[in-house]
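**Student:** Just one file: protein.csv, with CSV, C-alpha atoms.
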```
chain,number,residue,atom,x,y,z
O,1,MET,CA,-30.2,26.1,36.0
O,2,ARG,CA,-28.5,24.6,32.9
O,3,ALA,CA,-29.7,21.2,31.7
O,4,ALA,CA,-29.4,18.8,28.7
O,5,VAL,CA,-32.9,18.4,27.2
O,6,LEU,CA,-34.1,15.9,24.7
O,7,LYS,CA,-35.8,17.8,21.8
O,8,ALA,CA,-35.9,15.2,19.1
O,9,TYR,CA,-34.8,11.6,19.0
O,10,GLY,CA,-31.3,11.3,17.5
O,11,GLU,CA,-30.8,15.1,17.3
O,12,PRO,CA,-28.2,16.7,19.6
O,13,LEU,CA,-29.5,17.4,23.1
O,14,SER,CA,-30.2,21.1,23.8
O,15,ILE,CA,-28.2,22.7,26.6
O,16,GLU,CA,-30.6,25.3,27.9
O,17,ASP,CA,-31.8,27.1,31.0
O,18,VAL,CA,-34.7,25.4,32.8
O,19,PRO,CA,-36.4,26.1,36.2
O,20,ASN,CA,-34.7,24.9,39.4
O,21,PRO,CA,-36.6,22.0,41.0
O,22,ASP,CA,-38.3,22.4,44.4
O,23,PRO,CA,-38.4,19.5,46.8
O,24,GLU,CA,-41.6,17.5,47.2
O,25,PRO,CA,-42.5,16.8,50.8
O,26,HIS,CA,-40.8,13.4,50.5
O,27,GLY,CA,-37.9,14.6,48.4
O,28,VAL,CA,-34.6,16.4,48.3
O,29,VAL,CA,-32.9,18.6,45.8
O,30,VAL,CA,-29.3,17.8,45.0
O,31,GLU,CA,-26.7,20.1,43.6
O,32,THR,CA,-25.2,17.8,40.9
O,33,GLU,CA,-21.4,17.5,41.1
O,34,ALA,CA,-21.0,14.6,38.7
O,35,CYS,CA,-23.1,12.3,36.5
O,36,GLY,CA,-22.1,9.4,34.4
O,37,ILE,CA,-22.8,9.2,30.7
O,38,CYS,CA,-24.3,5.8,30.0
O,39,ARG,CA,-25.3,3.8,27.0
O,40,SER,CA,-28.8,3.7,28.5
O,41,ASP,CA,-28.8,7.5,27.9
O,42,TRP,CA,-27.9,6.8,24.3
O,43,HIS,CA,-30.8,4.3,24.0
O,44,ALA,CA,-33.1,7.1,25.4
O,45,TRP,CA,-31.7,9.7,23.1
O,46,GLN,CA,-32.2,7.4,20.1
O,47,GLY,CA,-35.9,6.8,21.1
O,48,HIS,CA,-35.5,3.1,21.8
O,49,GLY,CA,-37.8,1.2,24.1
O,50,GLU,CA,-41.1,1.8,22.3
O,51,TRP,CA,-41.5,-2.0,22.0
O,52,ALA,CA,-41.4,-2.3,25.8
O,53,ASP,CA,-43.6,0.8,26.5
O,54,ASP,CA,-40.3,2.3,27.8
O,55,ARG,CA,-39.7,5.2,25.3
O,56,VAL,CA,-38.4,8.4,26.9
O,57,PRO,CA,-40.7,11.4,26.3
O,58,ILE,CA,-39.6,14.4,24.2
O,59,GLY,CA,-38.7,17.2,26.6
O,60,GLN,CA,-37.0,14.9,29.1
O,61,ILE,CA,-33.8,15.9,30.9
O,62,LEU,CA,-31.6,12.9,30.6
O,63,GLY,CA,-28.9,11.6,33.0
O,64,HIS,CA,-29.3,9.0,35.7
O,65,GLU,CA,-26.0,8.4,37.4
O,66,PRO,CA,-25.6,11.4,39.7
O,67,ALA,CA,-23.8,12.3,42.9
O,68,GLY,CA,-23.8,15.6,44.7
O,69,THR,CA,-24.7,17.6,47.8
O,70,VAL,CA,-28.2,18.1,49.2
O,71,ILE,CA,-29.3,21.7,49.1
O,72,ALA,CA,-33.0,21.5,50.0
O,73,THR,CA,-35.2,18.9,51.8
O,74,GLY,CA,-38.9,18.3,51.9
O,75,GLU,CA,-40.8,18.5,55.2
O,76,GLN,CA,-41.3,14.8,55.5
O,77,VAL,CA,-37.7,13.8,55.0
O,78,ARG,CA,-36.0,12.6,58.2
O,79,GLY,CA,-32.8,10.8,57.3
O,80,ILE,CA,-31.2,13.3,54.9
O,81,GLU,CA,-30.0,16.8,55.7
O,82,GLN,CA,-28.7,19.8,53.8
O,83,GLY,CA,-25.0,19.4,53.2
O,84,ASP,CA,-25.1,15.6,53.0
O,85,ARG,CA,-23.3,14.1,50.0
O,86,ILE,CA,-25.4,11.5,48.3
O,87,ALA,CA,-25.6,9.2,45.3
O,88,VAL,CA,-28.9,8.4,43.6
O,89,PRO,CA,-30.0,5.0,42.1
O,90,PHE,CA,-31.7,5.4,38.8
O,91,ASN,CA,-34.4,2.9,39.7
O,92,LEU,CA,-36.3,4.9,42.3
O,93,GLY,CA,-38.6,3.0,44.7
O,94,ARG,CA,-41.3,4.4,46.9
O,95,GLY,CA,-40.4,2.2,49.8
O,96,HIS,CA,-43.9,0.9,50.5
O,97,CYS,CA,-44.7,-2.1,48.2
O,98,GLU,CA,-43.8,-5.7,48.9
O,99,PHE,CA,-40.7,-5.6,46.7
O,100,CYS,CA,-39.3,-2.5,48.4
O,101,GLN,CA,-40.1,-4.0,51.8
O,102,ASN,CA,-38.3,-7.2,50.9
O,103,GLY,CA,-35.2,-5.6,49.6
O,104,HIS,CA,-36.0,-5.4,45.9
O,105,GLY,CA,-36.7,-1.7,45.5
O,106,ASN,CA,-35.0,-1.8,42.1
O,107,VAL,CA,-38.2,-3.4,40.8
O,108,CYS,CA,-40.7,-1.4,42.9
O,109,GLU,CA,-44.2,-2.0,41.5
O,110,ASN,CA,-44.7,1.8,41.5
O,111,GLY,CA,-41.2,2.8,40.8
O,112,ILE,CA,-39.9,5.5,38.4
O,113,SER,CA,-36.7,5.7,36.5
O,114,LEU,CA,-34.5,8.8,37.0
O,115,GLY,CA,-33.9,10.6,33.7
O,116,PHE,CA,-36.2,8.4,31.8
O,117,GLU,CA,-39.7,9.5,32.9
O,118,ALA,CA,-41.4,12.9,33.0
O,119,ASP,CA,-42.0,12.4,36.7
O,120,ALA,CA,-38.2,12.1,37.3
O,121,PRO,CA,-36.2,14.7,35.4
O,122,GLY,CA,-32.6,13.6,35.1
O,123,ALA,CA,-29.2,14.7,36.3
O,124,PHE,CA,-27.7,16.2,33.1
O,125,ALA,CA,-28.6,19.3,35.0
O,126,GLU,CA,-27.0,21.5,37.7
O,127,GLN,CA,-29.7,20.3,40.2
O,128,VAL,CA,-31.8,17.2,40.4
O,129,HIS,CA,-34.8,16.2,42.5
O,130,VAL,CA,-34.8,12.9,44.4
O,131,PRO,CA,-38.2,11.6,45.3
O,132,TYR,CA,-38.8,9.4,48.4
O,133,ALA,CA,-35.3,10.4,49.5
O,134,ASP,CA,-35.3,8.6,52.8
O,135,TYR,CA,-35.6,5.3,50.8
O,136,ASN,CA,-33.6,6.2,47.7
O,137,ALA,CA,-30.7,8.5,48.7
O,138,VAL,CA,-27.4,6.7,49.4
O,139,HIS,CA,-25.0,8.5,51.7
O,140,LEU,CA,-21.5,8.7,50.3
O,141,PRO,CA,-18.4,7.8,52.4
O,142,GLU,CA,-16.0,10.6,52.9
O,143,ASN,CA,-13.3,8.9,50.8
O,144,VAL,CA,-15.5,8.3,47.8
O,145,SER,CA,-15.5,11.3,45.4
O,146,SER,CA,-18.6,12.3,43.4
O,147,VAL,CA,-16.8,11.5,40.1
O,148,GLU,CA,-16.0,8.0,41.4
O,149,MET,CA,-19.6,7.5,42.6
O,150,ALA,CA,-20.9,8.7,39.2
O,151,GLY,CA,-18.5,6.0,37.7
O,152,LEU,CA,-20.4,3.5,39.8
O,153,GLY,CA,-23.5,4.8,38.2
O,154,CYS,CA,-25.9,2.3,36.9
O,155,ARG,CA,-23.3,0.2,35.1
O,156,PHE,CA,-21.1,-0.8,38.0
O,157,VAL,CA,-24.0,-1.4,40.4
O,158,THR,CA,-25.9,-3.3,37.7
O,159,ALA,CA,-22.8,-5.5,37.2
O,160,TYR,CA,-22.4,-6.0,40.9
O,161,HIS,CA,-26.0,-6.9,41.5
O,162,ALA,CA,-26.0,-9.3,38.6
O,163,LEU,CA,-23.0,-11.2,39.8
O,164,ALA,CA,-23.2,-10.9,43.5
O,165,HIS,CA,-27.0,-11.3,43.9
O,166,ARG,CA,-28.7,-12.7,40.8
O,167,ALA,CA,-26.2,-15.3,39.6
O,168,ASP,CA,-25.1,-18.2,41.8
O,169,LEU,CA,-21.4,-17.3,41.4
O,170,THR,CA,-18.7,-19.3,43.3
O,171,PRO,CA,-15.0,-18.2,43.6
O,172,GLY,CA,-13.1,-20.1,40.9
O,173,ASP,CA,-16.0,-20.1,38.5
O,174,TRP,CA,-15.4,-19.0,34.9
O,175,VAL,CA,-17.4,-15.8,33.9
O,176,ALA,CA,-17.6,-14.8,30.2
O,177,VAL,CA,-18.3,-11.2,29.5
O,178,HIS,CA,-19.6,-10.3,26.0
O,179,GLY,CA,-19.0,-6.6,25.2
O,180,CYS,CA,-16.4,-4.4,27.1
O,181,GLY,CA,-18.2,-1.1,27.3
O,182,GLY,CA,-18.9,0.5,30.6
O,183,VAL,CA,-21.1,-2.3,32.0
O,184,GLY,CA,-19.0,-5.0,30.5
O,185,LEU,CA,-15.7,-3.7,32.0
O,186,SER,CA,-17.6,-3.2,35.3
O,187,ALA,CA,-18.6,-6.9,35.1
O,188,VAL,CA,-15.0,-7.9,34.5
O,189,HIS,CA,-13.8,-6.0,37.5
O,190,VAL,CA,-16.6,-7.2,39.8
O,191,ALA,CA,-16.2,-10.8,38.7
O,192,ASP,CA,-12.5,-10.7,39.4
O,193,ALA,CA,-13.1,-9.1,42.8
O,194,LEU,CA,-15.6,-11.9,43.7
O,195,GLY,CA,-12.9,-14.5,43.0
O,196,ALA,CA,-14.0,-15.7,39.6
O,197,ASN,CA,-11.9,-16.3,36.5
O,198,VAL,CA,-12.9,-14.0,33.6
O,199,VAL,CA,-12.8,-14.3,29.8
O,200,ALA,CA,-13.7,-11.0,28.1
O,201,VAL,CA,-14.9,-10.7,24.5
O,202,ASP,CA,-15.0,-7.6,22.3
O,203,LEU,CA,-14.1,-6.3,18.9
O,204,ASP,CA,-11.8,-3.5,20.2
O,205,ASP,CA,-8.2,-4.3,21.2
O,206,ASP,CA,-8.0,-1.2,23.5
O,207,LYS,CA,-11.1,-2.3,25.4
O,208,LEU,CA,-9.7,-5.8,25.7
O,209,ALA,CA,-6.4,-4.3,27.1
O,210,THR,CA,-8.5,-2.4,29.7
O,211,ALA,CA,-10.3,-5.7,30.5
O,212,ARG,CA,-7.0,-7.4,31.2
O,213,GLU,CA,-6.0,-4.5,33.5
O,214,LEU,CA,-9.2,-4.9,35.4
O,215,GLY,CA,-8.7,-8.6,36.0
O,216,ALA,CA,-9.6,-10.6,32.8
O,217,ASP,CA,-7.6,-13.8,32.7
O,218,GLU,CA,-8.4,-14.4,29.0
O,219,THR,CA,-9.5,-12.1,26.2
O,220,ILE,CA,-10.9,-12.9,22.8
O,221,GLN,CA,-10.9,-10.5,19.9
O,222,ALA,CA,-14.2,-11.5,18.2
O,223,GLU,CA,-13.1,-10.8,14.7
O,224,SER,CA,-9.6,-12.4,14.9
O,225,ALA,CA,-8.6,-15.2,12.7
O,226,HIS,CA,-8.9,-17.8,15.4
O,227,ALA,CA,-12.3,-16.6,16.7
O,228,ASP,CA,-14.6,-15.0,14.1
O,229,SER,CA,-17.9,-14.0,15.6
O,230,ALA,CA,-19.6,-17.3,14.8
O,231,ASP,CA,-16.9,-19.2,16.7
O,232,VAL,CA,-16.8,-17.1,19.9
O,233,PRO,CA,-18.6,-19.8,22.0
O,234,ALA,CA,-16.2,-22.5,20.8
O,235,GLU,CA,-13.2,-20.3,21.5
O,236,ILE,CA,-14.5,-19.6,25.0
O,237,ARG,CA,-15.0,-23.3,25.7
O,238,ASN,CA,-11.5,-23.9,24.4
O,239,ARG,CA,-10.0,-21.3,26.7
O,240,VAL,CA,-11.9,-22.3,29.9
O,241,GLY,CA,-12.3,-26.0,29.4
O,242,GLU,CA,-14.7,-28.3,31.2
O,243,GLY,CA,-17.5,-27.6,28.8
O,244,GLY,CA,-17.7,-23.8,29.0
O,245,ALA,CA,-18.3,-20.9,31.3
O,246,HIS,CA,-20.3,-21.2,34.6
O,247,VAL,CA,-21.8,-17.7,34.2
O,248,SER,CA,-22.0,-15.6,31.0
O,249,VAL,CA,-23.0,-12.0,30.7
O,250,ASP,CA,-24.4,-10.2,27.6
O,251,ALA,CA,-23.3,-6.7,28.3
O,252,LEU,CA,-24.2,-5.4,24.9
O,253,GLY,CA,-27.7,-6.4,24.0
O,254,ILE,CA,-27.6,-7.4,20.4
O,255,ALA,CA,-28.9,-10.8,19.2
O,256,GLU,CA,-25.4,-12.1,18.4
O,257,THR,CA,-23.9,-11.5,21.8
O,258,CYS,CA,-27.0,-12.8,23.6
O,259,ARG,CA,-26.8,-16.1,21.6
O,260,ASN,CA,-23.0,-16.3,22.0
O,261,SER,CA,-23.4,-15.9,25.8
O,262,ILE,CA,-25.9,-18.8,26.0
O,263,ASP,CA,-24.0,-21.0,23.6
O,264,CYS,CA,-20.7,-20.7,25.6
O,265,LEU,CA,-22.2,-22.1,28.8
O,266,ARG,CA,-21.6,-25.5,30.3
O,267,GLU,CA,-24.5,-27.6,31.5
O,268,ARG,CA,-26.4,-25.8,34.3
O,269,GLY,CA,-24.7,-22.6,33.3
O,270,GLN,CA,-26.3,-19.2,34.0
O,271,HIS,CA,-26.8,-16.5,31.4
O,272,VAL,CA,-27.2,-12.9,32.7
O,273,GLN,CA,-28.8,-10.3,30.4
O,274,LEU,CA,-27.6,-6.7,31.1
O,275,GLY,CA,-27.5,-5.1,27.7
O,276,LEU,CA,-30.7,-3.6,26.2
O,277,THR,CA,-31.7,-4.3,22.6
O,278,THR,CA,-31.7,-1.8,19.8
O,279,ASP,CA,-34.0,-1.2,16.8
O,280,ALA,CA,-32.6,-4.3,15.1
O,281,GLU,CA,-34.0,-6.7,17.8
O,282,ARG,CA,-36.8,-4.5,19.2
O,283,GLY,CA,-36.7,-6.4,22.5
O,284,GLU,CA,-36.9,-9.9,20.9
O,285,VAL,CA,-34.1,-12.4,20.5
O,286,SER,CA,-34.4,-15.9,19.2
O,287,LEU,CA,-32.9,-18.4,21.7
O,288,PRO,CA,-32.3,-22.2,21.6
O,289,THR,CA,-35.0,-23.0,24.2
O,290,ASP,CA,-35.0,-26.8,23.8
O,291,ALA,CA,-31.2,-27.0,24.2
O,292,MET,CA,-31.5,-24.6,27.2
O,293,THR,CA,-34.1,-26.9,28.7
O,294,MET,CA,-32.1,-30.1,28.1
O,295,ARG,CA,-28.9,-28.6,29.5
O,296,GLU,CA,-30.7,-26.8,32.4
O,297,ILE,CA,-29.4,-23.4,31.3
O,298,THR,CA,-30.7,-20.5,33.5
O,299,PHE,CA,-31.6,-17.1,31.9
O,300,LEU,CA,-31.4,-14.2,34.4
O,301,GLY,CA,-32.4,-10.6,33.9
O,302,SER,CA,-30.8,-7.9,36.1
O,303,ARG,CA,-31.7,-4.3,36.4
O,304,GLY,CA,-29.8,-1.8,38.6
O,305,MET,CA,-29.4,-2.7,42.2
O,306,PRO,CA,-31.7,-2.5,45.3
O,307,GLN,CA,-31.1,0.7,47.3
O,308,THR,CA,-30.8,-1.5,50.4
O,309,ARG,CA,-27.7,-3.3,49.0
O,310,TYR,CA,-25.5,-0.3,48.3
O,311,GLY,CA,-23.8,-0.5,51.7
O,312,GLU,CA,-22.1,-3.8,50.9
O,313,LEU,CA,-20.7,-2.3,47.6
O,314,LEU,CA,-19.5,0.8,49.3
O,315,ARG,CA,-17.7,-1.3,52.0
O,316,MET,CA,-15.9,-3.0,49.2
O,317,LEU,CA,-14.8,0.4,47.9
O,318,ASP,CA,-13.7,1.4,51.3
O,319,ARG,CA,-11.4,-1.7,51.5
O,320,ASP,CA,-10.1,-1.1,48.0
O,321,VAL,CA,-11.5,-4.4,46.9
O,322,LEU,CA,-13.3,-2.6,44.1
O,323,SER,CA,-12.0,0.6,42.4
O,324,PRO,CA,-14.6,2.0,40.0
O,325,GLY,CA,-12.5,5.1,39.5
O,326,LYS,CA,-10.2,2.9,37.3
O,327,LEU,CA,-13.1,2.7,34.8
O,328,VAL,CA,-13.5,6.5,34.5
O,329,SER,CA,-11.7,7.3,31.2
O,330,LYS,CA,-12.7,10.9,30.8
O,331,THR,CA,-14.5,13.8,32.6
O,332,VAL,CA,-16.3,16.4,30.5
O,333,SER,CA,-18.5,19.5,30.9
O,334,LEU,CA,-22.3,19.5,30.5
O,335,GLU,CA,-21.8,21.1,27.1
O,336,ASN,CA,-19.9,18.1,25.9
O,337,VAL,CA,-22.8,15.6,26.6
O,338,PRO,CA,-24.4,15.8,23.1
O,339,ASP,CA,-21.0,15.0,21.4
O,340,ARG,CA,-20.3,12.1,23.8
O,341,LEU,CA,-23.7,10.5,23.2
O,342,ASP,CA,-23.0,10.9,19.4
O,343,ALA,CA,-19.7,9.1,19.8
O,344,MET,CA,-21.6,6.1,21.1
O,345,ASN,CA,-23.2,5.6,17.7
O,346,ASP,CA,-20.0,3.9,16.5
O,347,PHE,CA,-18.9,2.7,20.0
O,348,GLY,CA,-16.4,5.5,20.0
O,349,THR,CA,-16.2,5.7,23.8
O,350,SER,CA,-14.0,3.7,26.1
O,351,GLY,CA,-14.7,2.9,29.8
O,352,ILE,CA,-17.0,5.3,31.7
O,353,GLU,CA,-17.2,9.0,30.9
O,354,VAL,CA,-18.5,11.4,33.5
O,355,VAL,CA,-19.9,14.9,33.5
O,356,GLU,CA,-18.1,17.0,36.1
O,357,PHE,CA,-20.1,20.1,36.8
O,358,SER,CA,-17.1,22.1,38.2
O,359,ARG,CA,-15.5,22.0,34.7
```
Please express the file's structure as structure tokens.
**Tutor:**
Amino acid sequence: MRAAVLKAYGEPLSIEDVPNPDPEPHGVVVETEACGICRSDWHAWQGHGEWADDRVPIGQILGHEPAGTVIATGEQVRGIEQGDRIAVPFNLGRGHCEFCQNGHGNVCENGISLGFEADAPGAFAEQVHVPYADYNAVHLPENVSSVEMAGLGCRFVTAYHALAHRADLTPGDWVAVHGCGGVGLSAVHVADALGANVVAVDLDDDKLATARELGADETIQAESAHADSADVPAEIRNRVGEGGAHVSVDALGIAETCRNSIDCLRERGQHVQLGLTTDAERGEVSLPTDAMTMREITFLGSRGMPQTRYGELLRMLDRDVLSPGKLVSKTVSLENVPDRLDAMNDFGTSGIEVVEFSR
């Protein structure tokens, strides 16, 4: 089968022939129909994460947002059959630890990350293996296409988990979203669907226009004359009133957006960290901890979404409350993946781009 393989950090992925996977007794093999291209893939390609013991090994097949059809099953699998259409969370649990058993499989103590670890080759490939499939595989409703599900990927489900499960969000609250890439635009759309008011911040006017289409009530161009980057928190407080946002999301992961997110909050506000840091921060950001303590600011991390919560999100899709397909800006072939990752160097992508294997 063809796959996109990491040969050297920062160098173009190699599109080459690799052996087809065989199912483990607990796993299934999926014929990949679509797979999102995510900024987390870019981080992996760049070799980031060494500071958190999270660097992707050379030789890895990247890609972690797949949907497709099951073509082979292991002998222990009971709930998945050949021909089933499924999606695959990137944060794969084993289903046995206390976290999995209590509905938090996204932080399984023995979990593995699809596309990021040697034990879980990714889905920039014509076929992908899904371990512990009875726990991890998510059946797709008939009306949800593989491209749309790949658009859900890790970004949309991460945004949904962050706002629906991690933050204490109430309809009518103000949510600030810093960075309008794939996960940021997903957060805008999810926050709007959950009844919040949204203010979106970015440097790119086109991305802000998309944010407005997805439900942003206010947008702030971070380099505009009335809101240079140092004054973004003040501008947010000016727009939303009453001391600032109730919830604020750093969807980019640089020190500036993390600090702006915290500084724009009202008393007892909640900061949600979704973006991962780069070489500039190396996993460490200086924060105003005394002020956060005095103002009872909450700092929340959020990673993916528990496998057991996908049903509620898919029901919202079924009722057209959420439409992740609106975020899919482009479909490309597997051969285009190296160029699309390279475009992320200068934030040269918009929305969510998806590999469609029929192309």
**Student:** With only C-alpha atoms as the counted atoms, please give the residues lying no more than 9 Å from Thr277 (chain O), apart from itself and same-chain residues fewer than 2 positions off, as a count of residues only.
**Tutor:** 15
**Student:** Which residues are close to region 147-163 of chain O, i.e. within 8 Å by only C-alpha atoms, leaving aside same-chain residues fewer than 5 positions away? Reply as a ChimeraX atom specification.
**Tutor:** /O:33-36,38,64-67,87,89-90,168-169,182-184,186-187,190-191,272,274,302-305,313,324-325,327-328,352-354,356
**Student:** Got time to write the residues from that selection, C-alpha atoms, as a PDB file, in the frame of the given file?
**Tutor:**
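The result, stored in part10.pdb:
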```
ATOM      1  CA  GLU O  33     -21.400  17.500  41.100  1.00  0.00           C
ATOM      2  CA  ALA O  34     -21.000  14.600  38.700  1.00  0.00           C
ATOM      3  CA  CYS O  35     -23.100  12.300  36.500  1.00  0.00           C
ATOM      4  CA  GLY O  36     -22.100   9.400  34.400  1.00  0.00           C
ATOM      5  CA  CYS O  38     -24.300   5.800  30.000  1.00  0.00           C
ATOM      6  CA  HIS O  64     -29.300   9.000  35.700  1.00  0.00           C
ATOM      7  CA  GLU O  65     -26.000   8.400  37.400  1.00  0.00           C
ATOM      8  CA  PRO O  66     -25.600  11.400  39.700  1.00  0.00           C
ATOM      9  CA  ALA O  67     -23.800  12.300  42.900  1.00  0.00           C
ATOM     10  CA  ALA O  87     -25.600   9.200  45.300  1.00  0.00           C
ATOM     11  CA  PRO O  89     -30.000   5.000  42.100  1.00  0.00           C
ATOM     12  CA  PHE O  90     -31.700   5.400  38.800  1.00  0.00           C
ATOM     13  CA  ASP O 168     -25.100 -18.200  41.800  1.00  0.00           C
ATOM     14  CA  LEU O 169     -21.400 -17.300  41.400  1.00  0.00           C
ATOM     15  CA  GLY O 182     -18.900   0.500  30.600  1.00  0.00           C
ATOM     16  CA  VAL O 183     -21.100  -2.300  32.000  1.00  0.00           C
ATOM     17  CA  GLY O 184     -19.000  -5.000  30.500  1.00  0.00           C
ATOM     18  CA  SER O 186     -17.600  -3.200  35.300  1.00  0.00           C
ATOM     19  CA  ALA O 187     -18.600  -6.900  35.100  1.00  0.00           C
ATOM     20  CA  VAL O 190     -16.600  -7.200  39.800  1.00  0.00           C
ATOM     21  CA  ALA O 191     -16.200 -10.800  38.700  1.00  0.00           C
ATOM     22  CA  VAL O 272     -27.200 -12.900  32.700  1.00  0.00           C
ATOM     23  CA  LEU O 274     -27.600  -6.700  31.100  1.00  0.00           C
ATOM     24  CA  SER O 302     -30.800  -7.900  36.100  1.00  0.00           C
ATOM     25  CA  ARG O 303     -31.700  -4.300  36.400  1.00  0.00           C
ATOM     26  CA  GLY O 304     -29.800  -1.800  38.600  1.00  0.00           C
ATOM     27  CA  MET O 305     -29.400  -2.700  42.200  1.00  0.00           C
ATOM     28  CA  LEU O 313     -20.700  -2.300  47.600  1.00  0.00           C
ATOM     29  CA  PRO O 324     -14.600   2.000  40.000  1.00  0.00           C
ATOM     30  CA  GLY O 325     -12.500   5.100  39.500  1.00  0.00           C
ATOM     31  CA  LEU O 327     -13.100   2.700  34.800  1.00  0.00           C
ATOM     32  CA  VAL O 328     -13.500   6.500  34.500  1.00  0.00           C
ATOM     33  CA  ILE O 352     -17.000   5.300  31.700  1.00  0.00           C
ATOM     34  CA  GLU O 353     -17.200   9.000  30.900  1.00  0.00           C
ATOM     35  CA  VAL O 354     -18.500  11.400  33.500  1.00  0.00           C
ATOM     36  CA  GLU O 356     -18.100  17.000  36.100  1.00  0.00           C
TER      37      GLU O 356
END
```
**Student:** For Asn336 (chain O), which residue among O:Ile297, O:Glu256, O:Val56, O:Phe357 is the nearest when counting all atoms listed in the file?
**Tutor:**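 The closest residue to Asn336 (chain O) is O:Phe357.
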**Student:** Pick out the residues sitting within 12 Å of Arg319 (chain O), and hand them over as a compact mmCIF listing (two decimals) with C-alpha atoms, keeping the file's coordinate frame; count only C-alpha atoms, and ignore anything fewer than 5 positions along from it in its own chain.
**Tutor:**
```
# COMPACT_ATOMS: atom_id res chain seq x y z
CA PRO O 141 -18.40 7.80 52.40
CA ASN O 143 -13.30 8.90 50.80
CA VAL O 144 -15.50 8.30 47.80
CA ALA O 193 -13.10 -9.10 42.80
CA GLU O 312 -22.10 -3.80 50.90
CA LEU O 313 -20.70 -2.30 47.60
CA LEU O 314 -19.50 0.80 49.30
```
**Student:** When you draw a straight line from CA of Leu92 (chain O) to CA of Phe299 (chain O), how long is it in Å?
**Tutor:**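 These two atoms are separated by 24.8 Å.
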**Student:** Given the choices O:Gly10, O:Pro306, O:Gly311, O:Pro233, which gets closest to Arg166 (chain O) if the distance is worked out from all atoms listed in the file?
**Tutor:**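 For Arg166 (chain O), the nearest of the given residues is O:Pro306.
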**Student:** Quick one: distance from CA of Gln60 (chain O) to CA of Glu24 (chain O) in Å, one decimal?
**Tutor:**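 Answer for the CA of Gln60 (chain O) to CA of Glu24 (chain O) separation: 18.9 Å.
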**Student:** To one decimal place in Å, what is the distance between CA of Gln221 (chain O) and CA of Leu203 (chain O)?
**Tutor:**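 So the answer is 5.4 Å.
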**Student:** Tell me which residues come within 9 Å of (-39.3, 16.5, 51.8), as a PyMOL selection string, counting all atoms listed in the file in the file's coordinates.
**Tutor:** chain O and resi 23-28+72-78+131-134
**Student:** So that all listed atoms of region 183-194 of chain O fit with 4 Å spare on each side, what axis-aligned box centre and edge lengths in Å, to one decimal, would you give as lines of an AutoDock Vina configuration file?
**Tutor:**
```
center_x = -16.8
center_y = -7.1
center_z = 37.1
size_x = 16.6
size_y = 17.6
size_z = 21.2
```
**Student:** Counting all atoms listed in the file, figure out which residue out of O:Asp205, O:Gln307, O:Gly172, O:Val18 gets nearest to Cys108 (chain O).
**Tutor:**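 Once distances to Cys108 (chain O) are computed over all atoms listed in the file, the minimum belongs to O:Gln307.
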**Student:** List the residues sitting within 10 Å of (-30.0, 8.5, 24.6) in the file's frame, using only C-alpha atoms, as a tab-separated table (two decimals) with C-alpha atoms, in the coordinates of the input.
**Tutor:**
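Contents of part-v7.tsv, freshly written:
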```tsv
chain	number	residue	atom	x	y	z
O	6	LEU	CA	-34.10	15.90	24.70
O	9	TYR	CA	-34.80	11.60	19.00
O	10	GLY	CA	-31.30	11.30	17.50
O	11	GLU	CA	-30.80	15.10	17.30
O	12	PRO	CA	-28.20	16.70	19.60
O	13	LEU	CA	-29.50	17.40	23.10
O	37	ILE	CA	-22.80	9.20	30.70
O	38	CYS	CA	-24.30	5.80	30.00
O	39	ARG	CA	-25.30	3.80	27.00
O	40	SER	CA	-28.80	3.70	28.50
O	41	ASP	CA	-28.80	7.50	27.90
O	42	TRP	CA	-27.90	6.80	24.30
O	43	HIS	CA	-30.80	4.30	24.00
O	44	ALA	CA	-33.10	7.10	25.40
O	45	TRP	CA	-31.70	9.70	23.10
O	46	GLN	CA	-32.20	7.40	20.10
O	47	GLY	CA	-35.90	6.80	21.10
O	48	HIS	CA	-35.50	3.10	21.80
O	56	VAL	CA	-38.40	8.40	26.90
O	62	LEU	CA	-31.60	12.90	30.60
O	63	GLY	CA	-28.90	11.60	33.00
O	116	PHE	CA	-36.20	8.40	31.80
O	338	PRO	CA	-24.40	15.80	23.10
O	341	LEU	CA	-23.70	10.50	23.20
O	342	ASP	CA	-23.00	10.90	19.40
O	344	MET	CA	-21.60	6.10	21.10
```
